[in-house]
Amino acid sequence: MADYLIRLIRWCFDRFYREFAWTYNTVAAAVSWGHWRSWVLAVLPFLHGDVLELGCGTGHLQLALADYSAVTRVIGLDISWPMLMLTRRNTAIARLVRADVRGIPLADESFDCVVATFPSEYIADSQTLAEVWRLLRPGGRFVVLLGAQLAGPDVYRRLIALAYRLILPSTPVAEADVPVGASAMRLLAALEDAKLPARDRWVSAPGGAVYLLEALKH
């Protein structure tokens, strides 16, 4: 019964990225105590040059990158057509691509940075990481915002962390003083296998802290 319930919740969660994409910003704000956009933008200091965003969602980062002086070219990629339409509403100048991250229709070594914020399990897939390695120029950077710690009320924070553990095998919002554990270890190992050895760290952000992985293509 428990397995069936978890599968049902995950099916509903998938709809959240598609048919119900219009609710994304409201739900994200609720589970982050209103800090979701600020958390996403915490990756900005790590980006430069030509940037590809995997899973651009509703376009918070795309909008910020359009005016970010260190960035020269930006492309947003998502498999969800409703999400891309929301991004288009947020920033009319964005260049968007609809594609699966395991087969990206863009040229080899065409980006200085590839970034993903709060990605689901696809981010540790070997095909995804092979595409990232292919797309990055030598010396290019792969930045993943894998999770966050909420510094809000203790009861609220624990309820949110519990909800995520029920929905996803990884926990994008962690309890205070608890690392984003197993999902980070899987991704770090997968990055090592993909010739993208990474370092991980917590970075202060409004309302708490975000957990970043940064890999370089040598």
# chains A, B, ... in the order shown; residues from 1 in each chain; ligands from 1
>>> residues_around(residues="range 70-75 of chain A", least_positions_apart="6", cutoff="8 Å", atoms="only C-alpha atoms", output="list in words")
Leu47, His48, Gly49, Asp50, Val51, Leu52, Glu53, Gln62, Ala94, Arg95, Leu96 and Val97 of chain A
>>> residues_around(residues="Leu129 in chain A", least_positions_apart="2", cutoff="9 Å", atoms="only C-alpha atoms", output="PyMOL selection string")
chain A and resi 101-102+123-127+131-134+190-191+194+196
>>> atom_distance(atom1="CA of Arg98 in chain A", atom2="CA of Ile79 in chain A")
5.2 Å
>>> residues_around(residues="Ala209 in chain A", least_positions_apart="3", cutoff="9 Å", atoms="only C-alpha atoms", output="ChimeraX atom specification")
/A:39,147-151,202-206
>>> write_last_selection(atoms="N, CA and C atoms", output="PDB file, in the first residue's frame")
ATOM      1  N   TRP A  39      16.931  31.542  -3.696  1.00  0.00           N
ATOM      2  CA  TRP A  39      17.790  30.354  -3.676  1.00  0.00           C
ATOM      3  C   TRP A  39      18.300  30.034  -5.072  1.00  0.00           C
ATOM      4  N   GLY A 147      20.162  21.311  -3.329  1.00  0.00           N
ATOM      5  CA  GLY A 147      19.236  21.364  -2.208  1.00  0.00           C
ATOM      6  C   GLY A 147      19.365  22.646  -1.426  1.00  0.00           C
ATOM      7  N   ALA A 148      18.600  22.730  -0.347  1.00  0.00           N
ATOM      8  CA  ALA A 148      18.615  23.931   0.494  1.00  0.00           C
ATOM      9  C   ALA A 148      18.266  23.577   1.926  1.00  0.00           C
ATOM     10  N   GLN A 149      18.698  24.427   2.834  1.00  0.00           N
ATOM     11  CA  GLN A 149      18.275  24.361   4.228  1.00  0.00           C
ATOM     12  C   GLN A 149      17.441  25.591   4.521  1.00  0.00           C
ATOM     13  N   LEU A 150      16.290  25.375   5.088  1.00  0.00           N
ATOM     14  CA  LEU A 150      15.382  26.467   5.411  1.00  0.00           C
ATOM     15  C   LEU A 150      15.590  26.889   6.862  1.00  0.00           C
ATOM     16  N   ALA A 151      15.786  28.185   7.063  1.00  0.00           N
ATOM     17  CA  ALA A 151      15.988  28.702   8.414  1.00  0.00           C
ATOM     18  C   ALA A 151      14.695  29.288   8.974  1.00  0.00           C
ATOM     19  N   TRP A 202      27.996  24.159   1.197  1.00  0.00           N
ATOM     20  CA  TRP A 202      26.828  24.949   1.541  1.00  0.00           C
ATOM     21  C   TRP A 202      27.178  26.423   1.381  1.00  0.00           C
ATOM     22  N   VAL A 203      26.284  27.176   0.756  1.00  0.00           N
ATOM     23  CA  VAL A 203      26.481  28.606   0.529  1.00  0.00           C
ATOM     24  C   VAL A 203      25.314  29.362   1.161  1.00  0.00           C
ATOM     25  N   SER A 204      25.613  30.381   1.944  1.00  0.00           N
ATOM     26  CA  SER A 204      24.553  31.179   2.576  1.00  0.00           C
ATOM     27  C   SER A 204      23.654  31.810   1.520  1.00  0.00           C
ATOM     28  N   ALA A 205      22.363  31.821   1.801  1.00  0.00           N
ATOM     29  CA  ALA A 205      21.376  32.419   0.901  1.00  0.00           C
ATOM     30  C   ALA A 205      20.238  32.955   1.754  1.00  0.00           C
ATOM     31  N   PRO A 206      19.428  33.865   1.209  1.00  0.00           N
ATOM     32  CA  PRO A 206      18.319  34.399   1.998  1.00  0.00           C
ATOM     33  C   PRO A 206      17.444  33.281   2.561  1.00  0.00           C
TER      34      PRO A 206
END
>>> atom_distance(atom1="CA of Lys217 in chain A", atom2="CA of Trp36 in chain A")
28.7 Å
>>> atom_distance(atom1="CA of His60 in chain A", atom2="CA of Phe46 in chain A")
16.0 Å
>>> select_by_dssp(residues="range 96-126 of chain A", states="strand (DSSP E)", output="PyMOL selection string")
chain A and resi 96-98+111-117
>>> write_last_selection(atoms="all heavy atoms", output="short mmCIF file (atom, residue, chain, number, x, y, z; two decimals), in the first residue's frame")
data_model
loop_
_atom_site.label_atom_id
_atom_site.label_comp_id
_atom_site.auth_asym_id
_atom_site.auth_seq_id
_atom_site.Cartn_x
_atom_site.Cartn_y
_atom_site.Cartn_z
N LEU A 96 15.04 29.41 -25.99
CA LEU A 96 14.60 28.20 -25.31
C LEU A 96 14.65 27.00 -26.25
O LEU A 96 14.38 27.12 -27.45
CB LEU A 96 13.19 28.38 -24.77
CG LEU A 96 12.98 29.58 -23.84
CD1 LEU A 96 11.51 29.74 -23.48
CD2 LEU A 96 13.83 29.44 -22.59
N VAL A 97 14.97 25.85 -25.67
CA VAL A 97 15.03 24.60 -26.43
C VAL A 97 14.23 23.54 -25.68
O VAL A 97 14.43 23.36 -24.47
CB VAL A 97 16.49 24.11 -26.59
CG1 VAL A 97 16.52 22.75 -27.28
CG2 VAL A 97 17.31 25.13 -27.37
N ARG A 98 13.33 22.88 -26.38
CA ARG A 98 12.59 21.77 -25.77
C ARG A 98 13.29 20.47 -26.14
O ARG A 98 13.35 20.10 -27.31
CB ARG A 98 11.15 21.74 -26.25
CG ARG A 98 10.33 20.65 -25.56
CD ARG A 98 8.86 20.73 -25.90
NE ARG A 98 8.10 19.73 -25.17
CZ ARG A 98 7.40 18.76 -25.74
NH1 ARG A 98 7.36 18.65 -27.07
NH2 ARG A 98 6.74 17.89 -25.00
N PHE A 111 29.57 25.66 -24.60
CA PHE A 111 29.20 26.41 -23.40
C PHE A 111 30.36 26.48 -22.41
O PHE A 111 31.13 25.54 -22.24
CB PHE A 111 27.98 25.77 -22.72
CG PHE A 111 26.73 25.87 -23.55
CD1 PHE A 111 26.35 24.81 -24.37
CD2 PHE A 111 25.98 27.02 -23.55
CE1 PHE A 111 25.22 24.91 -25.16
CE2 PHE A 111 24.85 27.13 -24.34
CZ PHE A 111 24.47 26.07 -25.15
N ASP A 112 30.43 27.63 -21.74
CA ASP A 112 31.38 27.81 -20.65
C ASP A 112 30.82 27.27 -19.34
O ASP A 112 31.58 26.85 -18.46
CB ASP A 112 31.70 29.29 -20.47
CG ASP A 112 32.35 29.88 -21.71
OD1 ASP A 112 33.45 29.46 -22.06
OD2 ASP A 112 31.71 30.77 -22.34
N CYS A 113 29.50 27.30 -19.21
CA CYS A 113 28.84 26.81 -17.99
C CYS A 113 27.54 26.10 -18.34
O CYS A 113 26.80 26.55 -19.22
CB CYS A 113 28.51 27.97 -17.04
SG CYS A 113 29.94 28.84 -16.38
N VAL A 114 27.28 25.02 -17.64
CA VAL A 114 25.98 24.36 -17.66
C VAL A 114 25.49 24.36 -16.22
O VAL A 114 26.24 24.05 -15.29
CB VAL A 114 26.07 22.92 -18.19
CG1 VAL A 114 24.71 22.23 -18.11
CG2 VAL A 114 26.57 22.91 -19.64
N VAL A 115 24.21 24.72 -16.02
CA VAL A 115 23.70 24.88 -14.67
C VAL A 115 22.34 24.20 -14.54
O VAL A 115 21.55 24.15 -15.49
CB VAL A 115 23.58 26.38 -14.29
CG1 VAL A 115 22.65 27.12 -15.24
CG2 VAL A 115 23.14 26.56 -12.84
N ALA A 116 22.06 23.66 -13.35
CA ALA A 116 20.76 23.10 -13.03
C ALA A 116 20.43 23.44 -11.59
O ALA A 116 21.29 23.33 -10.71
CB ALA A 116 20.76 21.59 -13.22
N THR A 117 19.20 23.91 -11.34
CA THR A 117 18.79 24.24 -9.98
C THR A 117 17.63 23.35 -9.56
O THR A 117 16.65 23.21 -10.28
CB THR A 117 18.37 25.72 -9.87
OG1 THR A 117 17.26 25.98 -10.72
CG2 THR A 117 19.53 26.64 -10.25
#
>>> closest_residue(among="A:Ala130, A:Trp81, A:Val210, A:Asp108", to="Leu41 in chain A", atoms="only C-alpha atoms")
A:Val210
>>> residues_around(residues="Glu214 in chain A", least_positions_apart="3", cutoff="9 Å", atoms="only C-alpha atoms", output="list in words")
Phe46, Arg141, Phe142, Val143, Val144, Leu145, Pro197, Ala198, Arg199, Asp200 and Arg201 of chain A
>>> write_last_selection(atoms="N, CA, C and O atoms", output="PDB file, in the first residue's frame")
ATOM      1  N   PHE A  46      28.570  31.993  -9.859  1.00  0.00           N
ATOM      2  CA  PHE A  46      29.363  30.875 -10.358  1.00  0.00           C
ATOM      3  C   PHE A  46      29.269  30.720 -11.881  1.00  0.00           C
ATOM      4  O   PHE A  46      29.844  29.798 -12.456  1.00  0.00           O
ATOM      5  N   ARG A 141      32.470  24.827 -16.657  1.00  0.00           N
ATOM      6  CA  ARG A 141      31.976  24.572 -15.294  1.00  0.00           C
ATOM      7  C   ARG A 141      30.553  24.045 -15.318  1.00  0.00           C
ATOM      8  O   ARG A 141      29.690  24.566 -16.036  1.00  0.00           O
ATOM      9  N   PHE A 142      30.291  22.992 -14.530  1.00  0.00           N
ATOM     10  CA  PHE A 142      28.949  22.458 -14.335  1.00  0.00           C
ATOM     11  C   PHE A 142      28.547  22.775 -12.904  1.00  0.00           C
ATOM     12  O   PHE A 142      29.202  22.352 -11.952  1.00  0.00           O
ATOM     13  N   VAL A 143      27.458  23.535 -12.756  1.00  0.00           N
ATOM     14  CA  VAL A 143      27.003  23.979 -11.441  1.00  0.00           C
ATOM     15  C   VAL A 143      25.617  23.395 -11.174  1.00  0.00           C
ATOM     16  O   VAL A 143      24.700  23.575 -11.980  1.00  0.00           O
ATOM     17  N   VAL A 144      25.488  22.690 -10.050  1.00  0.00           N
ATOM     18  CA  VAL A 144      24.201  22.099  -9.678  1.00  0.00           C
ATOM     19  C   VAL A 144      23.811  22.594  -8.297  1.00  0.00           C
ATOM     20  O   VAL A 144      24.555  22.411  -7.329  1.00  0.00           O
ATOM     21  N   LEU A 145      22.651  23.233  -8.209  1.00  0.00           N
ATOM     22  CA  LEU A 145      22.075  23.590  -6.922  1.00  0.00           C
ATOM     23  C   LEU A 145      21.177  22.426  -6.534  1.00  0.00           C
ATOM     24  O   LEU A 145      20.074  22.277  -7.046  1.00  0.00           O
ATOM     25  N   PRO A 197      34.932  15.601 -12.006  1.00  0.00           N
ATOM     26  CA  PRO A 197      35.050  15.565 -10.548  1.00  0.00           C
ATOM     27  C   PRO A 197      34.605  16.891  -9.939  1.00  0.00           C
ATOM     28  O   PRO A 197      34.923  17.963 -10.448  1.00  0.00           O
ATOM     29  N   ALA A 198      33.850  16.789  -8.849  1.00  0.00           N
ATOM     30  CA  ALA A 198      33.202  17.979  -8.299  1.00  0.00           C
ATOM     31  C   ALA A 198      33.565  18.199  -6.846  1.00  0.00           C
ATOM     32  O   ALA A 198      34.009  17.290  -6.142  1.00  0.00           O
ATOM     33  N   ARG A 199      33.347  19.430  -6.405  1.00  0.00           N
ATOM     34  CA  ARG A 199      33.408  19.739  -4.983  1.00  0.00           C
ATOM     35  C   ARG A 199      32.028  20.225  -4.568  1.00  0.00           C
ATOM     36  O   ARG A 199      31.275  20.802  -5.384  1.00  0.00           O
ATOM     37  N   ASP A 200      31.675  20.000  -3.319  1.00  0.00           N
ATOM     38  CA  ASP A 200      30.362  20.398  -2.827  1.00  0.00           C
ATOM     39  C   ASP A 200      30.521  21.310  -1.619  1.00  0.00           C
ATOM     40  O   ASP A 200      31.507  21.237  -0.895  1.00  0.00           O
ATOM     41  N   ARG A 201      29.524  22.174  -1.414  1.00  0.00           N
ATOM     42  CA  ARG A 201      29.572  23.099  -0.284  1.00  0.00           C
ATOM     43  C   ARG A 201      28.200  23.718  -0.039  1.00  0.00           C
ATOM     44  O   ARG A 201      27.364  23.780  -0.949  1.00  0.00           O
TER      45      ARG A 201
END
